[in-house]
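Asks: Data file work.pdb (PDB, C-alpha atoms and all ligand atoms) is appended below.
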ATOM      1  CA  MET A   1      81.025  98.321  83.691  1.00  0.00           C
ATOM      2  CA  ASN A   2      81.198  99.964  87.079  1.00  0.00           C
ATOM      3  CA  THR A   3      77.843  99.617  88.766  1.00  0.00           C
ATOM      4  CA  THR A   4      78.973 100.932  92.127  1.00  0.00           C
ATOM      5  CA  THR A   5      77.082 103.990  93.260  1.00  0.00           C
ATOM      6  CA  HIS A   6      79.293 106.882  94.238  1.00  0.00           C
ATOM      7  CA  THR A   7      77.939 109.588  96.465  1.00  0.00           C
ATOM      8  CA  CYS A   8      79.436 113.058  96.538  1.00  0.00           C
ATOM      9  CA  PRO A   9      81.001 113.621  99.974  1.00  0.00           C
ATOM     10  CA  GLN A  10      80.047 117.274  99.792  1.00  0.00           C
ATOM     11  CA  CYS A  11      76.447 117.437  98.574  1.00  0.00           C
ATOM     12  CA  THR A  12      75.644 113.705  99.045  1.00  0.00           C
ATOM     13  CA  LEU A  13      74.058 113.460  95.600  1.00  0.00           C
ATOM     14  CA  GLU A  14      74.927 110.650  93.247  1.00  0.00           C
ATOM     15  CA  ASP A  15      75.088 112.622  90.029  1.00  0.00           C
ATOM     16  CA  ASN A  16      78.773 112.527  89.238  1.00  0.00           C
ATOM     17  CA  HIS A  17      81.220 111.178  86.691  1.00  0.00           C
ATOM     18  CA  LEU A  18      84.671 109.653  86.706  1.00  0.00           C
ATOM     19  CA  GLN A  19      87.462 111.815  85.394  1.00  0.00           C
ATOM     20  CA  GLY A  20      90.820 110.090  85.445  1.00  0.00           C
ATOM     21  CA  SER A  21      91.321 108.791  88.947  1.00  0.00           C
ATOM     22  CA  HIS A  22      88.807 111.221  90.462  1.00  0.00           C
ATOM     23  CA  HIS A  23      85.076 111.443  90.694  1.00  0.00           C
ATOM     24  CA  VAL A  24      83.671 114.835  89.815  1.00  0.00           C
ATOM     25  CA  CYS A  25      80.298 115.882  91.120  1.00  0.00           C
ATOM     26  CA  ASN A  26      77.991 117.203  88.392  1.00  0.00           C
ATOM     27  CA  ILE A  27      76.060 119.238  90.919  1.00  0.00           C
ATOM     28  CA  CYS A  28      78.634 121.054  93.067  1.00  0.00           C
ATOM     29  CA  GLY A  29      81.835 120.314  91.188  1.00  0.00           C
ATOM     30  CA  TYR A  30      83.519 118.623  94.149  1.00  0.00           C
ATOM     31  CA  GLU A  31      86.283 116.160  93.227  1.00  0.00           C
ATOM     32  CA  TRP A  32      87.354 113.170  95.247  1.00  0.00           C
ATOM     33  CA  PRO A  33      89.656 110.241  94.549  1.00  0.00           C
ATOM     34  CA  SER A  34      88.170 107.119  93.063  1.00  0.00           C
ATOM     35  CA  ALA A  35      88.267 104.079  95.299  1.00  0.00           C
ATOM     36  CA  ASN A  36      89.446 102.153  92.266  1.00  0.00           C
ATOM     37  CA  ALA A  37      92.538 104.285  91.902  1.00  0.00           C
ATOM     38  CA  ASP A  38      95.835 102.998  93.160  1.00  0.00           C
ATOM     39  CA  THR A  39      95.901 103.703  96.851  1.00  0.00           C
ATOM     40  CA  PRO A  40      98.759 102.828  99.156  1.00  0.00           C
ATOM     41  CA  VAL A  41      98.047  99.728 101.175  1.00  0.00           C
ATOM     42  CA  ASP A  42      97.763 100.776 104.776  1.00  0.00           C
ATOM     43  CA  ASP A  43      97.791  97.269 106.148  1.00  0.00           C
ATOM     44  CA  ASP A  44     101.416  96.904 107.143  1.00  0.00           C
ATOM     45  CA  ILE A  45     100.638  96.529 110.829  1.00  0.00           C
ATOM     46  CA  ILE A  46     102.426  93.513 112.284  1.00  0.00           C
ATOM     47  CA  ARG A  47     100.388  91.677 114.900  1.00  0.00           C
ATOM     48  CA  ASP A  48     101.363  89.056 117.416  1.00  0.00           C
ATOM     49  CA  ALA A  49      99.620  85.733 118.033  1.00  0.00           C
ATOM     50  CA  ASN A  50      96.802  87.506 119.857  1.00  0.00           C
ATOM     51  CA  GLY A  51      96.326  90.145 117.208  1.00  0.00           C
ATOM     52  CA  THR A  52      98.012  92.834 119.282  1.00  0.00           C
ATOM     53  CA  PRO A  53      99.913  95.293 117.086  1.00  0.00           C
ATOM     54  CA  LEU A  54     103.667  95.192 117.678  1.00  0.00           C
ATOM     55  CA  SER A  55     105.987  98.180 117.644  1.00  0.00           C
ATOM     56  CA  ASP A  56     109.714  98.735 117.577  1.00  0.00           C
ATOM     57  CA  GLY A  57     111.176  98.347 121.043  1.00  0.00           C
ATOM     58  CA  ASP A  58     108.471  96.017 122.337  1.00  0.00           C
ATOM     59  CA  THR A  59     109.268  92.993 124.465  1.00  0.00           C
ATOM     60  CA  VAL A  60     107.789  89.727 123.230  1.00  0.00           C
ATOM     61  CA  MET A  61     107.621  86.170 124.486  1.00  0.00           C
ATOM     62  CA  ILE A  62     108.027  83.070 122.318  1.00  0.00           C
ATOM     63  CA  ILE A  63     104.860  80.961 122.347  1.00  0.00           C
ATOM     64  CA  LYS A  64     106.221  77.985 120.380  1.00  0.00           C
ATOM     65  CA  ASP A  65     109.564  76.185 120.284  1.00  0.00           C
ATOM     66  CA  LEU A  66     111.376  77.571 117.285  1.00  0.00           C
ATOM     67  CA  LYS A  67     114.282  76.008 115.469  1.00  0.00           C
ATOM     68  CA  ILE A  68     116.737  78.556 114.231  1.00  0.00           C
ATOM     69  CA  LYS A  69     117.648  78.094 110.599  1.00  0.00           C
ATOM     70  CA  GLY A  70     121.285  77.323 109.961  1.00  0.00           C
ATOM     71  CA  GLY A  71     122.125  76.889 113.605  1.00  0.00           C
ATOM     72  CA  SER A  72     121.893  74.335 116.344  1.00  0.00           C
ATOM     73  CA  ASN A  73     120.117  76.745 118.625  1.00  0.00           C
ATOM     74  CA  SER A  74     116.442  76.821 119.254  1.00  0.00           C
ATOM     75  CA  LEU A  75     114.227  79.288 121.012  1.00  0.00           C
ATOM     76  CA  LYS A  76     112.105  77.818 123.765  1.00  0.00           C
ATOM     77  CA  VAL A  77     108.571  78.641 124.698  1.00  0.00           C
ATOM     78  CA  GLY A  78     108.553  81.429 127.248  1.00  0.00           C
ATOM     79  CA  THR A  79     111.796  83.031 126.088  1.00  0.00           C
ATOM     80  CA  LYS A  80     111.498  86.790 126.344  1.00  0.00           C
ATOM     81  CA  ILE A  81     113.085  88.991 123.731  1.00  0.00           C
ATOM     82  CA  LYS A  82     113.470  92.672 124.410  1.00  0.00           C
ATOM     83  CA  ASN A  83     113.675  95.539 122.019  1.00  0.00           C
ATOM     84  CA  ILE A  84     112.358  93.928 118.853  1.00  0.00           C
ATOM     85  CA  ARG A  85     112.525  95.640 115.480  1.00  0.00           C
ATOM     86  CA  LEU A  86     109.804  95.320 112.885  1.00  0.00           C
ATOM     87  CA  ARG A  87     111.054  94.546 109.398  1.00  0.00           C
ATOM     88  CA  GLY A  88     107.987  93.425 107.495  1.00  0.00           C
ATOM     89  CA  GLY A  89     107.793  90.484 105.142  1.00  0.00           C
ATOM     90  CA  ASP A  90     107.427  86.834 106.070  1.00  0.00           C
ATOM     91  CA  HIS A  91     109.712  86.836 109.097  1.00  0.00           C
ATOM     92  CA  ALA A  92     108.585  90.241 110.151  1.00  0.00           C
ATOM     93  CA  VAL A  93     110.200  90.664 113.525  1.00  0.00           C
ATOM     94  CA  GLU A  94     113.875  91.102 114.189  1.00  0.00           C
ATOM     95  CA  ALA A  95     114.627  89.911 117.691  1.00  0.00           C
ATOM     96  CA  GLY A  96     118.274  90.273 118.465  1.00  0.00           C
ATOM     97  CA  SER A  97     120.061  88.224 115.823  1.00  0.00           C
ATOM     98  CA  TYR A  98     116.915  86.267 114.920  1.00  0.00           C
ATOM     99  CA  MET A  99     114.239  86.942 112.353  1.00  0.00           C
ATOM    100  CA  LEU A 100     110.950  85.610 113.661  1.00  0.00           C
ATOM    101  CA  LYS A 101     107.387  85.351 112.534  1.00  0.00           C
ATOM    102  CA  ALA A 102     105.036  87.552 114.521  1.00  0.00           C
ATOM    103  CA  GLU A 103     102.529  84.693 114.793  1.00  0.00           C
ATOM    104  CA  PHE A 104     104.926  82.874 117.169  1.00  0.00           C
ATOM    105  CA  LEU A 105     105.283  85.865 119.458  1.00  0.00           C
ATOM    106  CA  ARG A 106     103.168  87.432 122.150  1.00  0.00           C
ATOM    107  CA  LYS A 107     103.629  90.970 123.350  1.00  0.00           C
ATOM    108  CA  VAL A 108     104.616  91.085 127.021  1.00  0.00           C
TER
HETATM  109 ZN    ZN B 201      78.445 117.324  94.959  1.00  0.00          ZN
END
The structure given in the file should be rewritten as structure tokens.
Replies:
Amino acid sequence: MNTTTHTCPQCTLEDNHLQGSHHVCNICGYEWPSANADTPVDDDIIRDANGTPLSDGDTVMIIKDLKIKGGSNSLKVGTKIKNIRLRGGDHAVEAGSYMLKAEFLRKV
């Protein structure tokens, strides 16, 4: 079963049991959430090509020629786009009327 050792955050002893989605310390009675319980994923940070986190309103520069789907336009390397909006998903960054992948952008 679960062989992970859980240490009570309060008394630092390992004598505890799992009750529902919480660990309960047998010594001091402290309860804390199990790491195995469903926890919200806090990894929705969108990063540019350099790993810099992007935010709404940032200005980015295109680092790769990009063809725009369904249009004859393309975005050239070095094009700056102001006031981006983060949307999440595959094409995470809304830049004007374009939806772009963050990996092709660099924060300016
Ligand atoms: Zn304890």
Asks: Starting from the shown file, work through the PyMOL selection byres (((not hetatm)) within 6 of (chain B and resi 201)) and note down what comes out as a count of residues only.
Replies: 9
Asks: Could you tell me which of A:Ala35, A:Leu75, A:Ala95, A:Ile84 comes closest to Thr5 in chain A if we count only C-alpha atoms?
Replies: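 Nearest to Thr5 in chain A: A:Ala35.
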Asks: If I take CA of Val108 in chain A and CA of Asp56 in chain A, how far is one from the other in Å, to one decimal?
Replies: 13.2 Å
Asks: Give me the result of the PyMOL selection byres (((chain A and resi 16) around 6) and not hetatm) on this file, residue by residue, as a PyMOL selection string.
Replies: chain A and resi 14-15+17+24-26
Asks: Hey, can you check how far CA of Pro53 in chain A sits from CA of Pro33 in chain A?
Replies: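 CA of Pro53 in chain A sits 28.9 Å away from CA of Pro33 in chain A.
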Asks: For a quick check of understanding, using only C-alpha atoms, which of A:Ala92, A:Arg106, A:Met99, A:Arg87 has the smallest distance to Ile68 in chain A?
Replies: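 Closest to Ile68 in chain A of all the choices is A:Met99.
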Asks: For the structure provided, state which residues fall under the PyMOL selection byres (((chain A and resi 103) around 7) and not hetatm), and present them as a list in words.
Replies: Asp48, Ala49, Lys101, Ala102, Phe104 and Leu105 of chain A
Asks: Expressed in Å to a single decimal, how great is the separation between CA of Thr59 in chain A and CA of Val93 in chain A?
Replies: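 Computed distance, CA of Thr59 in chain A to CA of Val93 in chain A, equals 11.2 Å.
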Asks: Near Gly78 in chain A, within 10 Å and counting only C-alpha atoms, which residues show up once chain neighbours fewer than 3 positions away are dropped, as number ranges by chain?
Replies: A: 60-65, 75, 81, 105-106
Asks: Any idea what's packed within 6 Å of His23 in chain A, counting all atoms listed in the file, ignoring anything in its chain fewer than 4 positions away? Could you give it as a ChimeraX atom specification?
Replies: /A:17-19,31-32,34
